[in-house]
>>> print(open('my_file.cif').read())   # mmCIF, C-alpha atoms
data_upload
loop_
_atom_site.label_atom_id
_atom_site.label_comp_id
_atom_site.auth_asym_id
_atom_site.auth_seq_id
_atom_site.Cartn_x
_atom_site.Cartn_y
_atom_site.Cartn_z
CA MET A 22 59.15 -49.50 56.14
CA PRO A 23 60.11 -50.27 59.76
CA ALA A 24 62.81 -52.90 60.34
CA HIS A 25 62.06 -53.62 64.02
CA HIS A 26 58.62 -54.82 64.98
CA PRO A 27 56.71 -55.65 68.17
CA ALA A 28 56.83 -59.31 69.24
CA PRO A 29 54.23 -61.34 67.29
CA GLU A 30 52.44 -62.35 70.48
CA LEU A 31 51.82 -58.67 71.24
CA LEU A 32 50.11 -58.30 67.87
CA LEU A 33 48.00 -61.30 68.83
CA ASP A 34 47.11 -59.80 72.22
CA TYR A 35 46.23 -56.55 70.44
CA ALA A 36 44.03 -58.25 67.84
CA ALA A 37 42.41 -60.46 70.49
CA GLY A 38 41.62 -57.42 72.62
CA SER A 39 43.42 -58.68 75.71
CA LEU A 40 46.32 -56.21 75.50
CA ARG A 41 45.87 -53.34 77.93
CA ALA A 42 45.44 -49.73 76.87
CA VAL A 43 49.01 -48.50 77.43
CA GLN A 44 50.66 -51.22 75.37
CA SER A 45 47.84 -51.04 72.79
CA LEU A 46 48.68 -47.39 72.28
CA LEU A 47 52.21 -48.25 71.20
CA ILE A 48 51.04 -51.08 68.93
CA ALA A 49 48.37 -48.91 67.27
CA ALA A 50 50.94 -46.14 66.78
CA HIS A 51 53.42 -48.60 65.21
CA LEU A 52 50.70 -49.83 62.83
CA ALA A 53 50.45 -46.32 61.41
CA TYR A 54 54.00 -46.82 60.08
CA CYS A 55 54.04 -50.53 59.29
CA PRO A 56 52.12 -52.21 56.45
CA ASP A 57 53.48 -55.64 57.46
CA CYS A 58 52.13 -55.47 60.99
CA ARG A 59 48.85 -54.03 59.73
CA ALA A 60 48.51 -57.09 57.51
CA GLN A 61 49.32 -59.40 60.43
CA VAL A 62 46.76 -57.72 62.68
CA ALA A 63 44.16 -57.99 59.89
CA GLU A 64 44.89 -61.72 59.71
CA LEU A 65 44.59 -62.14 63.46
CA GLU A 66 41.31 -60.22 63.40
CA ALA A 67 40.11 -62.62 60.69
CA CYS A 68 40.99 -65.36 63.14
CA GLY A 69 38.82 -63.57 65.74
CA GLY A 70 36.04 -63.43 63.16
CA VAL A 71 36.20 -67.18 62.63
CA LEU A 72 36.25 -67.85 66.36
CA LEU A 73 33.22 -65.56 66.79
CA ALA A 74 31.31 -67.22 63.96
CA ASP A 75 32.03 -70.67 65.43
CA LEU A 76 30.91 -69.96 68.99
CA PRO A 77 27.87 -71.98 70.04
CA PRO A 78 25.07 -69.38 69.77
CA GLU A 79 23.30 -68.28 72.95
CA PRO A 80 19.66 -67.35 72.34
CA VAL A 81 18.84 -63.69 72.96
CA SER A 82 15.60 -62.38 74.44
CA ASP A 83 12.69 -62.26 72.02
CA SER A 84 12.28 -58.54 72.65
CA LEU A 85 15.88 -57.64 71.90
CA PHE A 86 15.49 -56.92 68.21
CA GLY A 87 12.45 -54.70 68.83
CA THR A 88 14.25 -52.80 71.58
CA LEU A 89 17.19 -52.30 69.28
CA MET A 90 15.05 -50.97 66.43
CA THR A 91 13.34 -48.55 68.80
CA ARG A 92 16.73 -47.28 69.92
CA LEU A 93 17.85 -46.94 66.32
CA ASP A 94 14.74 -44.93 65.44
CA THR A 95 15.61 -42.41 68.12
CA THR A 96 19.32 -42.30 67.30
CA ALA A 97 20.45 -39.83 64.71
CA ALA A 98 23.06 -41.25 62.40
CA THR A 99 26.44 -40.01 63.56
CA PRO A 100 28.31 -38.23 60.80
CA PRO A 101 31.62 -39.87 60.01
CA PRO A 102 34.48 -38.20 61.87
CA VAL A 103 36.21 -35.51 59.88
CA PRO A 104 39.78 -36.66 59.30
CA PRO A 105 42.35 -34.07 60.34
CA PRO A 106 44.50 -32.71 57.54
CA ALA A 107 47.18 -35.28 56.79
CA GLY A 108 50.82 -34.60 57.48
CA THR A 109 50.31 -31.87 60.03
CA SER A 110 51.28 -33.89 63.09
CA LEU A 111 54.51 -35.52 64.13
CA PHE A 112 52.48 -38.03 66.12
CA PRO A 113 50.72 -41.02 64.58
CA GLY A 114 46.94 -40.73 64.88
CA PRO A 115 46.31 -43.01 67.89
CA LEU A 116 48.93 -41.13 69.92
CA ARG A 117 47.78 -37.72 68.69
CA ARG A 118 44.28 -38.50 69.93
CA ALA A 119 45.64 -39.73 73.28
CA ILE A 120 47.82 -36.67 73.87
CA GLY A 121 45.78 -33.97 72.20
CA ALA A 122 48.81 -31.71 71.65
CA GLU A 123 51.97 -31.49 69.56
CA PRO A 124 55.46 -32.01 71.07
CA GLU A 125 56.25 -28.28 71.21
CA ALA A 126 53.15 -27.66 73.31
CA LEU A 127 54.12 -30.24 75.95
CA ASP A 128 56.05 -29.78 79.18
CA TRP A 129 59.30 -31.71 79.50
CA VAL A 130 61.31 -32.88 82.49
CA ARG A 131 65.08 -33.12 82.14
CA VAL A 132 66.57 -36.48 83.16
CA VAL A 133 70.20 -35.77 82.25
CA PRO A 134 71.52 -33.10 79.86
CA GLY A 135 69.98 -33.67 76.44
CA VAL A 136 67.46 -36.27 77.62
CA HIS A 137 63.92 -35.27 78.52
CA LEU A 138 60.73 -37.07 79.45
CA SER A 139 57.31 -35.57 78.79
CA ALA A 140 55.20 -34.45 81.69
CA TRP A 141 52.38 -36.04 79.69
CA GLY A 142 51.94 -39.67 80.50
CA VAL A 143 49.34 -42.39 80.89
CA SER A 144 49.37 -45.36 83.17
CA ALA A 145 47.18 -48.35 83.86
CA GLY A 146 48.04 -51.05 86.34
CA THR A 147 51.82 -51.49 86.37
CA ALA A 148 52.27 -50.11 82.84
CA SER A 149 52.95 -46.52 81.92
CA ALA A 150 53.74 -44.52 78.82
CA CYS A 151 55.36 -41.16 78.23
CA LEU A 152 57.51 -39.52 75.57
CA LEU A 153 61.31 -39.59 75.51
CA ARG A 154 63.22 -36.82 73.74
CA MET A 155 66.95 -37.06 73.08
CA ALA A 156 69.14 -34.27 71.73
CA PRO A 157 71.47 -35.23 68.84
CA GLY A 158 74.15 -37.62 70.07
CA SER A 159 72.91 -37.68 73.66
CA ARG A 160 73.04 -40.79 75.83
CA VAL A 161 70.39 -42.23 78.08
CA PRO A 162 72.06 -43.30 81.36
CA ALA A 163 72.67 -47.05 81.52
CA HIS A 164 69.78 -48.71 83.23
CA ARG A 165 68.37 -52.14 83.71
CA HIS A 166 64.74 -53.02 83.83
CA THR A 167 62.72 -54.69 86.49
CA ASP A 168 60.19 -55.34 83.76
CA SER A 169 59.81 -54.95 80.03
CA GLU A 170 60.24 -51.74 78.04
CA MET A 171 59.32 -50.75 74.52
CA LEU A 172 60.29 -47.67 72.52
CA LEU A 173 58.63 -46.51 69.31
CA VAL A 174 60.72 -44.05 67.31
CA MET A 175 58.66 -41.17 65.86
CA LYS A 176 61.45 -38.79 64.84
CA GLY A 177 65.18 -39.23 64.27
CA GLY A 178 66.79 -42.43 65.49
CA PHE A 179 68.95 -44.06 68.15
CA SER A 180 71.27 -47.03 68.53
CA ASP A 181 72.20 -49.39 71.31
CA GLU A 182 74.03 -52.70 71.60
CA PHE A 183 71.04 -54.46 70.01
CA GLY A 184 70.59 -52.41 66.87
CA ALA A 185 69.81 -49.12 65.16
CA TYR A 186 66.27 -47.81 65.30
CA ARG A 187 64.61 -45.40 62.89
CA VAL A 188 61.17 -43.84 62.52
CA GLY A 189 58.44 -46.46 62.96
CA ASP A 190 60.76 -49.02 64.59
CA VAL A 191 59.93 -50.64 67.91
CA ALA A 192 62.78 -51.54 70.28
CA SER A 193 61.84 -54.12 72.92
CA TYR A 194 63.78 -54.90 76.08
CA ASP A 195 63.07 -57.75 78.40
CA THR A 196 63.29 -57.68 82.14
CA GLY A 197 66.83 -57.26 83.38
CA THR A 198 68.37 -56.30 80.03
CA PRO A 199 70.86 -53.45 80.38
CA HIS A 200 71.18 -51.22 77.35
CA HIS A 201 72.87 -47.97 76.41
CA ALA A 202 70.85 -45.89 73.97
CA VAL A 203 72.60 -43.14 72.01
CA ALA A 204 70.62 -40.74 69.85
CA ASP A 205 71.74 -40.33 66.25
CA ALA A 206 74.08 -37.39 65.79
CA ASP A 207 72.16 -35.78 62.94
CA GLY A 208 69.00 -34.73 64.74
CA GLU A 209 66.72 -34.90 67.71
CA CYS A 210 65.13 -38.26 68.51
CA LEU A 211 61.57 -38.51 69.79
CA CYS A 212 60.14 -41.79 71.07
CA LEU A 213 57.06 -43.17 72.75
CA LEU A 214 58.27 -45.06 75.83
CA VAL A 215 56.16 -47.83 77.37
CA GLN A 216 57.26 -49.56 80.54
CA ASP A 217 55.75 -52.16 82.73
CA GLN A 218 57.61 -51.32 85.96
CA PRO A 219 59.83 -48.52 87.27
CA LEU A 220 63.41 -48.56 86.01
CA VAL A 221 66.49 -49.15 88.14
CA PHE A 222 69.49 -47.11 87.01
CA THR A 223 72.84 -48.87 87.27
CA GLY A 224 75.36 -46.17 86.32
CA PRO A 225 77.33 -43.87 88.65
CA LEU A 226 74.42 -41.46 88.88
CA GLY A 227 71.93 -44.24 89.14
CA TRP A 228 71.22 -43.91 92.86
CA LEU A 229 70.37 -40.26 92.35
CA LEU A 230 68.13 -40.89 89.37
CA ASN A 231 66.37 -43.68 91.17
CA ARG A 232 65.54 -41.30 93.99
CA GLY A 233 64.37 -38.48 91.80
CA PHE A 234 62.60 -40.26 89.03
CA ARG A 235 60.05 -42.97 88.95
CA PHE A 236 59.23 -43.03 85.30
CA MET B 24 31.32 -64.42 43.72
CA LEU B 25 31.69 -64.87 47.43
CA PRO B 26 31.16 -68.31 48.87
CA LYS B 27 28.04 -68.81 50.92
CA ALA B 28 28.55 -67.88 54.55
CA ASP B 29 26.01 -70.41 55.70
CA SER B 30 26.70 -73.62 53.83
CA ASN B 31 23.60 -75.24 55.31
CA ASP B 32 21.25 -72.95 53.45
CA PRO B 33 22.09 -72.33 49.81
CA THR B 34 19.24 -69.81 49.39
CA MET B 35 20.68 -67.55 52.08
CA PRO B 36 22.61 -64.53 50.78
CA ASP B 37 26.02 -64.39 52.42
CA HIS B 38 26.63 -62.03 55.28
CA GLU B 39 28.83 -59.73 53.24
CA GLN B 40 25.98 -59.11 50.81
CA LEU B 41 23.59 -58.51 53.70
CA LEU B 42 25.94 -55.90 55.17
CA LEU B 43 26.26 -54.18 51.81
CA ALA B 44 22.47 -54.11 51.51
CA VAL B 45 22.27 -52.44 54.92
CA ALA B 46 24.91 -49.93 53.88
CA ARG B 47 23.39 -49.07 50.51
CA ASN B 48 19.65 -49.37 51.06
CA ARG B 49 19.17 -49.29 54.83
CA ASP B 50 17.66 -52.73 54.22
CA SER B 51 15.99 -53.74 57.47
CA THR B 52 15.22 -57.27 56.28
CA ALA B 53 18.92 -57.81 55.64
CA PHE B 54 19.66 -56.29 59.04
CA ARG B 55 17.21 -58.67 60.70
CA ALA B 56 18.97 -61.61 59.04
CA LEU B 57 22.33 -60.34 60.29
CA PHE B 58 20.89 -59.88 63.75
CA ASP B 59 19.45 -63.39 63.83
CA HIS B 60 22.82 -64.85 62.90
CA PHE B 61 25.22 -62.68 64.85
CA ALA B 62 23.34 -61.55 67.98
CA PRO B 63 23.43 -65.02 69.62
CA ARG B 64 27.14 -65.32 68.78
CA ILE B 65 28.00 -61.87 70.08
CA LYS B 66 26.11 -62.76 73.24
CA ALA B 67 28.11 -65.98 73.57
CA TYR B 68 31.33 -64.02 73.04
CA MET B 69 30.44 -61.50 75.76
CA ARG B 70 29.38 -64.26 78.15
CA ARG B 71 32.68 -66.08 77.63
CA LEU B 72 34.46 -62.87 78.50
CA GLY B 73 32.59 -62.62 81.79
CA ALA B 74 29.46 -60.53 81.10
CA ASP B 75 26.26 -61.72 82.78
CA GLY B 76 23.17 -62.31 80.65
CA SER B 77 21.73 -58.80 80.74
CA ALA B 78 25.11 -57.07 80.35
CA ALA B 79 25.82 -59.35 77.40
CA GLU B 80 22.51 -58.37 75.76
CA GLU B 81 23.27 -54.68 76.36
CA LEU B 82 26.55 -55.20 74.53
CA VAL B 83 24.76 -57.11 71.74
CA GLN B 84 22.54 -54.04 71.27
CA ASP B 85 25.56 -51.73 71.23
CA VAL B 86 27.36 -53.84 68.67
CA MET B 87 24.36 -54.30 66.38
CA MET B 88 23.59 -50.57 66.59
CA ALA B 89 27.13 -49.88 65.43
CA VAL B 90 26.68 -52.42 62.62
CA TRP B 91 23.59 -50.51 61.42
CA LEU B 92 25.10 -47.05 61.82
CA ARG B 93 28.52 -47.82 60.38
CA ALA B 94 27.68 -50.36 57.69
CA ASP B 95 28.90 -47.92 55.04
CA ARG B 96 32.44 -48.38 56.37
CA PHE B 97 32.38 -52.15 55.80
CA ASP B 98 34.70 -53.12 52.94
CA PRO B 99 34.42 -56.77 51.85
CA ALA B 100 37.88 -56.56 50.24
CA LEU B 101 39.41 -55.96 53.68
CA ALA B 102 37.42 -58.18 56.01
CA SER B 103 34.65 -60.75 56.08
CA ALA B 104 31.38 -59.81 57.77
CA SER B 105 32.21 -61.85 60.87
CA THR B 106 35.70 -60.32 61.10
CA TRP B 107 34.29 -56.81 60.84
CA ILE B 108 31.62 -57.52 63.44
CA TYR B 109 34.21 -59.22 65.64
CA THR B 110 36.34 -56.05 65.73
CA ILE B 111 33.29 -53.98 66.70
CA ALA B 112 32.35 -56.46 69.45
CA ARG B 113 35.92 -56.55 70.78
CA ASN B 114 36.16 -52.75 70.89
CA ARG B 115 32.73 -52.19 72.43
CA ARG B 116 33.52 -54.69 75.15
CA ILE B 117 36.81 -52.97 75.97
CA ASP B 118 35.17 -49.54 76.02
CA ARG B 119 32.26 -50.66 78.17
CA VAL B 120 33.65 -53.32 80.49
CA ARG B 121 37.18 -52.08 81.04
CA GLN B 122 36.20 -48.43 80.89
CA GLU B 123 39.14 -47.95 78.58
CA ARG B 124 39.21 -46.35 75.21
CA ARG B 125 40.87 -48.77 72.86
CA PRO B 126 43.59 -47.02 70.84
CA GLU B 127 42.55 -47.81 67.28
CA LEU B 128 44.25 -47.11 64.00
CA GLN B 129 41.95 -45.10 61.70
CA PRO B 130 42.27 -45.31 57.92
CA GLU B 131 43.52 -41.72 57.78
CA ASP B 132 46.28 -42.44 60.32
CA LEU B 133 48.76 -44.04 57.94
CA MET B 134 52.02 -42.12 58.09
CA ALA B 135 53.44 -40.76 54.86
CA ASP B 136 56.79 -42.46 55.36
CA GLY B 137 55.37 -45.85 56.30
CA GLY B 138 51.98 -45.91 54.70
CA GLU B 139 52.62 -47.98 51.62
CA GLU B 140 49.54 -49.78 50.48
CA PRO B 141 49.50 -53.49 51.22
CA THR B 142 51.16 -55.51 48.49
CA PRO B 143 48.86 -57.76 46.44
CA ASP B 144 49.99 -60.67 48.64
CA HIS B 145 48.14 -59.08 51.53
CA GLN B 146 44.93 -58.50 49.65
CA PHE B 147 42.84 -61.55 50.25
CA GLU B 148 39.37 -62.64 49.46
CA ALA B 149 38.11 -62.32 52.99
CA ALA B 150 35.35 -64.91 53.00
CA GLU B 151 37.45 -67.54 51.26
CA THR B 152 40.28 -66.91 53.66
CA ALA B 153 37.89 -67.35 56.58
CA PHE B 154 37.06 -70.75 55.17
CA ARG B 155 40.74 -71.79 55.06
CA LEU B 156 41.38 -70.21 58.45
CA ARG B 157 38.61 -72.26 60.00
CA ALA B 158 40.29 -75.43 58.77
CA VAL B 159 43.66 -74.33 60.16
CA ILE B 160 42.19 -73.47 63.57
CA GLY B 161 40.33 -76.76 63.65
CA ASN B 162 43.54 -78.67 63.01
CA LEU B 163 45.79 -76.87 65.50
CA PRO B 164 47.44 -79.12 68.08
CA PRO B 165 45.40 -78.88 71.31
CA GLU B 166 48.05 -76.95 73.24
CA GLN B 167 48.26 -74.31 70.49
CA ALA B 168 44.47 -74.05 70.16
CA ASP B 169 44.27 -73.64 73.93
CA VAL B 170 46.55 -70.58 74.12
CA LEU B 171 44.76 -69.05 71.14
CA ARG B 172 41.34 -69.46 72.70
CA LEU B 173 42.54 -68.07 76.03
CA ALA B 174 43.77 -64.95 74.23
CA TYR B 175 40.54 -64.36 72.31
CA TYR B 176 37.92 -65.63 74.73
CA GLU B 177 39.30 -65.06 78.20
CA ASP B 178 40.96 -61.68 77.95
CA LYS B 179 44.33 -63.13 78.87
CA VAL B 180 47.58 -61.65 77.62
CA HIS B 181 50.27 -64.26 77.07
CA ALA B 182 51.93 -63.53 80.43
CA GLU B 183 48.63 -64.26 82.20
CA ILE B 184 48.17 -67.47 80.21
CA SER B 185 51.57 -68.54 81.49
CA ALA B 186 50.58 -67.89 85.10
CA GLU B 187 47.14 -69.46 84.79
CA ARG B 188 48.26 -72.61 83.02
CA GLY B 189 51.41 -72.94 85.09
CA ILE B 190 53.57 -73.19 81.98
CA PRO B 191 56.70 -71.11 81.42
CA LEU B 192 56.27 -67.85 79.53
CA GLY B 193 58.75 -69.03 76.89
CA THR B 194 56.58 -72.08 76.25
CA VAL B 195 53.45 -69.94 75.85
CA LYS B 196 55.29 -67.72 73.39
CA THR B 197 56.54 -70.72 71.45
CA ARG B 198 53.03 -72.19 71.23
CA LEU B 199 51.55 -68.88 70.14
CA ARG B 200 54.24 -68.35 67.54
CA LEU B 201 53.77 -71.87 66.16
CA ALA B 202 50.02 -71.25 66.00
CA LEU B 203 50.64 -67.93 64.24
CA VAL B 204 52.86 -69.60 61.62
CA ARG B 205 50.07 -72.06 60.87
CA LEU B 206 47.46 -69.30 60.73
CA ARG B 207 49.58 -67.33 58.29
CA ARG B 208 49.58 -70.30 55.94
CA ALA B 209 45.84 -69.82 55.58
CA PHE B 210 46.70 -66.48 54.00
CA GLY B 211 49.17 -68.05 51.62
CA GLU B 212 52.19 -66.90 53.59
CA GLY B 213 54.78 -68.32 55.93
CA ALA B 214 54.58 -71.80 54.41
#
>>> encode(input="my_file.cif", output="structure tokens")
Amino acid sequence: MPAHHPAPELLLDYAAGSLRAVQSLLIAAHLAYCPDCRAQVAELEACGGVLLADLPPEPVSDSLFGTLMTRLDTTAATPPPVPPPAGTSLFPGPLRRAIGAEPEALDWVRVVPGVHLSAWGVSAGTASACLLRMAPGSRVPAHRHTDSEMLLVMKGGFSDEFGAYRVGDVASYDTGTPHHAVADADGECLCLLVQDQPLVFTGPLGWLLNRGFRF
Amino acid sequence: MLPKADSNDPTMPDHEQLLLAVARNRDSTAFRALFDHFAPRIKAYMRRLGADGSAAEELVQDVMMAVWLRADRFDPALASASTWIYTIARNRRIDRVRQERRPELQPEDLMADGGEEPTPDHQFEAAETAFRLRAVIGNLPPEQADVLRLAYYEDKVHAEISAERGIPLGTVKTRLRLALVRLRRAFGEGA
């Protein structure tokens, strides 16, 4: 079971439906690993159910039910989606559906030796997501953030000054927090990376990275 | 036995039973009863979130169609009827209004290394819990109820609540977390 979870208010935003798609992708992917957060989201959805039930009703048009039944008569029941065979993907379901490919089929861009970002990515507003791949023992250049960052570990693990992160864990970094991530020595580490603004690198090579990469 | 969903009318079957009747028997009388109860509330929900009258009724149709077509996936051990319908309404609104596809966890998505079944503590009698939850929400301090309602009804993430209310982000987070602690007590946890 994961030891590091998303902030509780993000679970609330997710359950309330206000969280935007990019961040929701990371939360939904974490839920695939985490029974505790699934239970919390279920509770917050129950809260949504109570709030819905308690809203002052607004009358609907008299014809609405009839229109609906006519539409239903002409709509064939959709067969339930066929679940893909379990255990065949490295990616949790919500991410697998968003990417539509496995890691080995993706293109990767090298940031520094041993550290790659996927060419695949999604963005909406100021937020963006892509995959981060670290070779065993490799280091991500020191960087600070102009906005928040979250990492979900999907394979292997990494450590920084805040903790050690394993499969299913979410590491969260606030604006302006420098950190130095080092992949575990015993295997490759694959993460989903969600950011809310471009990064600013602070190390010796930072100026170069800042020119070349806006990830 | 589930408690009555509508305490004003003891002859009324509760909404969970109505949904199960739709799922098992394609019971259109039960569906009509669900529609009469939920359609005006779904409309109110959509209107709060900025839909005009006709867009809100379009969304009501979408949601109630999904209720009819997917009733067989309703599980009263996991959610009350209003919770289940709430999640459909929330997702349909996001898909339609934001033109986004909400990333959802499907039952088959649970990962082998993290997919332990919920412990018995997490299994709750959904309708009874809704009853306790209602009491907790009703008794929240006003500033905690306010941030909660903004999140659910006004499509505001906590950072936007901070900007709109002119209160520091840390204060919003504190209020939300205090509200969440109280809500969890309704589930017999976090006391």
>>> residues_near_point(input="my_file.cif", point="(20.9, -50.0, 63.5)", cutoff="6 Å", atoms="only C-alpha atoms", output="list in words")
Leu93 of chain A; Met88, Trp91 and Leu92 of chain B
>>> atom_distance(input="my_file.cif", atom1="atom CA of B:Phe210", atom2="atom CA of B:Leu156")
7.9 Å
>>> atom_distance(input="my_file.cif", atom1="atom CA of B:Leu163", atom2="atom CA of B:Arg205")
7.9 Å
>>> closest_residue(input="my_file.cif", among="A:Leu153, A:Leu32, A:Val143, A:Leu46", to="chain B", atoms="only C-alpha atoms")
A:Leu46
>>> residues_near_point(input="my_file.cif", point="(17.2, -50.4, 55.5)", cutoff="12 Å", atoms="all atoms listed in the file", output="list of chain:residue names")
A:Met90, A:Leu93, A:Asp94, B:Leu41, B:Leu42, B:Leu43, B:Ala44, B:Val45, B:Ala46, B:Arg47, B:Asn48, B:Arg49, B:Asp50, B:Ser51, B:Thr52, B:Ala53, B:Phe54, B:Arg55, B:Ala56, B:Trp91, B:Leu92, B:Ala94, B:Asp95
>>> write_last_selection(input="my_file.cif", atoms="C-alpha atoms", output="compact mmCIF listing (two decimals), keeping the file's coordinate frame")
# COMPACT_ATOMS: atom_id res chain seq x y z
CA MET A 90 15.05 -50.97 66.43
CA LEU A 93 17.85 -46.94 66.32
CA ASP A 94 14.74 -44.93 65.44
CA LEU B 41 23.59 -58.51 53.70
CA LEU B 42 25.94 -55.90 55.17
CA LEU B 43 26.26 -54.18 51.81
CA ALA B 44 22.47 -54.11 51.51
CA VAL B 45 22.27 -52.44 54.92
CA ALA B 46 24.91 -49.93 53.88
CA ARG B 47 23.39 -49.07 50.51
CA ASN B 48 19.65 -49.37 51.06
CA ARG B 49 19.17 -49.29 54.83
CA ASP B 50 17.66 -52.73 54.22
CA SER B 51 15.99 -53.74 57.47
CA THR B 52 15.22 -57.27 56.28
CA ALA B 53 18.92 -57.81 55.64
CA PHE B 54 19.66 -56.29 59.04
CA ARG B 55 17.21 -58.67 60.70
CA ALA B 56 18.97 -61.61 59.04
CA TRP B 91 23.59 -50.51 61.42
CA LEU B 92 25.10 -47.05 61.82
CA ALA B 94 27.68 -50.36 57.69
CA ASP B 95 28.90 -47.92 55.04
>>> resolve_selection(input="my_file.cif", expression="the PyMOL selection byres ((chain A and resi 70-82) around 9)", output="compact mmCIF listing (two decimals) with C-alpha atoms, keeping the file's coordinate frame")
# COMPACT_ATOMS: atom_id res chain seq x y z
CA LEU A 65 44.59 -62.14 63.46
CA GLU A 66 41.31 -60.22 63.40
CA ALA A 67 40.11 -62.62 60.69
CA CYS A 68 40.99 -65.36 63.14
CA GLY A 69 38.82 -63.57 65.74
CA ASP A 83 12.69 -62.26 72.02
CA SER A 84 12.28 -58.54 72.65
CA LEU A 85 15.88 -57.64 71.90
CA PHE A 86 15.49 -56.92 68.21
CA HIS B 60 22.82 -64.85 62.90
CA PHE B 61 25.22 -62.68 64.85
CA ALA B 62 23.34 -61.55 67.98
CA PRO B 63 23.43 -65.02 69.62
CA ARG B 64 27.14 -65.32 68.78
CA ILE B 65 28.00 -61.87 70.08
CA LYS B 66 26.11 -62.76 73.24
CA ALA B 67 28.11 -65.98 73.57
CA TYR B 68 31.33 -64.02 73.04
CA ARG B 70 29.38 -64.26 78.15
CA GLY B 76 23.17 -62.31 80.65
CA GLU B 80 22.51 -58.37 75.76
CA VAL B 83 24.76 -57.11 71.74
CA ALA B 102 37.42 -58.18 56.01
CA SER B 103 34.65 -60.75 56.08
CA ALA B 104 31.38 -59.81 57.77
CA SER B 105 32.21 -61.85 60.87
CA THR B 106 35.70 -60.32 61.10
CA TRP B 107 34.29 -56.81 60.84
CA ILE B 108 31.62 -57.52 63.44
CA TYR B 109 34.21 -59.22 65.64
CA THR B 110 36.34 -56.05 65.73
CA ALA B 153 37.89 -67.35 56.58
CA PHE B 154 37.06 -70.75 55.17
CA LEU B 156 41.38 -70.21 58.45
CA ARG B 157 38.61 -72.26 60.00
CA ILE B 160 42.19 -73.47 63.57
CA ARG B 172 41.34 -69.46 72.70
CA TYR B 175 40.54 -64.36 72.31
CA TYR B 176 37.92 -65.63 74.73
>>> residues_around(input="my_file.cif", residues="stretch 209-213 of chain A", least_positions_apart="4", cutoff="6 Å", atoms="all atoms listed in the file", output="PyMOL selection string")
chain A and resi 152-157+172-178
>>> resolve_selection(input="my_file.cif", expression="the PyMOL selection byres ((chain B and resi 123) around 12)", output="list in words")
Gly38, Ser39, Leu40, Arg41, Ala42, Val43, Ser45, Leu46, Ala119, Val143, Ser144 and Ala145 of chain A; Asn114, Arg115, Arg116, Ile117, Asp118, Arg119, Val120, Arg121, Gln122, Arg124, Arg125, Pro126 and Glu127 of chain B
